[in-house]
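First comes the structure, then the notes that go with it.
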Amino acid sequence: MRWTRRTRRTRRTRWTRWTRSRFTAALTLALLACGKSAARQAAEVRECSAITMDAKGAAQCLVLQHNWKQTAALHAATVYQQHQDSLNESRADSTWRADAGRHAKEVSACAADPSGEVVRCLVGYGWADARAAAASDSLWRHDVAKHKNERTTCIVQRKMQPGACLQLYYKWSPERALAVDDSIARAKMKTR
């Protein structure tokens with residue numbers, strides 16, 4: 001009889017262990033099936049980002065349409081938006097570098113423009129405002145000694161205000177000429 005009791009216990013223990021492990025595996029698979037896969041989450045983020053303008057809008061879309069939590073949705077949308085911005089900037093920079101020869105010709109043509117409006121000239125060629133302003137500032141810094149002499153000449157003469165002189169005779173942009181007038185006025189106020 002002892003032999004049969006041991007056999008029964010062993011069989012019962014084996015069956016119980018087998019049942020527990022299978023039940024645990026089935027429960028784990030069921031829980032994993034309830035969660036969203038990374039591919040599905042990425043597809044939802046792409047879908048919501050395509051129909052909105054910014055990360056906050058995409059996060060709101062994820063919360064309302066796909067039942068995401070607010071913090072997770074905002075984080076995922078922001079990361080996706082930053083990634084897309086980085087890709088777009090990289091593409092734009094690559095295209096810009098490919099056309100470097102043409103851009104050098106445009107800069108030299110605008111530098112020789114008699115109006116003195118380098119930024120406006122470059123924007124006319126299709127440049128972005130920030131790039132055009134940076135190129136204009138670079139050209140300006142290149143000729144800083146010449147500009148200092150022009151400024152001194154216009155300050156010394158008494159026929160008109162220095163800013164007007166700089167615009168009229170040396171084709172300075174209105175912003176730079178007015179900045180000279182403002183700095184002279186401020187300097188006079190401090191000495192009084």
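Residue numbering restarts at 1 in every chain; chains get A, B, ... in the order shown in the structure tokens, and ligands count up from 1 in that same order.
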Polymer residues at most 8 Å from Ser173 in chain A, only C-alpha atoms, same-chain spacing of 6 or more positions, as a tab-separated table (two decimals) with C-alpha atoms, in the first residue's frame:
```tsv
chain	number	residue	atom	x	y	z
A	116	GLY	CA	22.22	97.42	-49.86
A	117	GLU	CA	19.34	95.16	-48.84
A	167	GLN	CA	21.51	105.07	-45.92
```
TODO: Would you list the contacts of Leu168 in chain A as a PyMOL selection string, taking every protein, DNA or RNA residue within 12 Å and counting only C-alpha atoms, but skipping same-chain residues closer than 6 positions in sequence?
DONE: chain A and resi 114-116+150+154+160-162+174+177
TODO: Write out as an NGL selection string the residues lying within 8 Å of Val119 in chain A, counting only C-alpha atoms and excluding same-chain residues fewer than 2 positions away.
DONE: :A and (117 or 121-123 or 129 or 132-133 or 135-136)
Open item on the list: Can you pull out every residue from chain A that DSSP, working from the backbone, puts in alpha helix (DSSP H), and format the result as a count of residues only?
Closed with: 161
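Of note, CA of Arg176 in chain A and CA of Trp127 in chain A are spaced 20.8 Å apart.
Neighbours of Ala77 in chain A closer than or equal to 9 Å, with only C-alpha atoms counted and sequence neighbours fewer than 2 positions away skipped, come out as Val45, Arg46, Cys48, Ser49, Asp54, Ala55, Lys56, Gly57, Ala58, Ala59, Leu62, Ala72, Ala73, Leu74, His75, Val79, Tyr80, Gln81 and Gln82 of chain A.
Among the candidates A:Asn88, A:His83, A:His142, A:Tyr125, the residue lying nearest to Arg102 in chain A is A:Tyr125 (atoms considered: only C-alpha atoms).
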Open item on the list: Using only C-alpha atoms for the distances, tell me which of A:Met53, A:Ala92, A:Val156, A:Ala38 is nearest to Ala128 in chain A.
Closed with: A:Ala92
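The space between CA of Lys36 in chain A and CA of Gln65 in chain A spans 14.2 Å.
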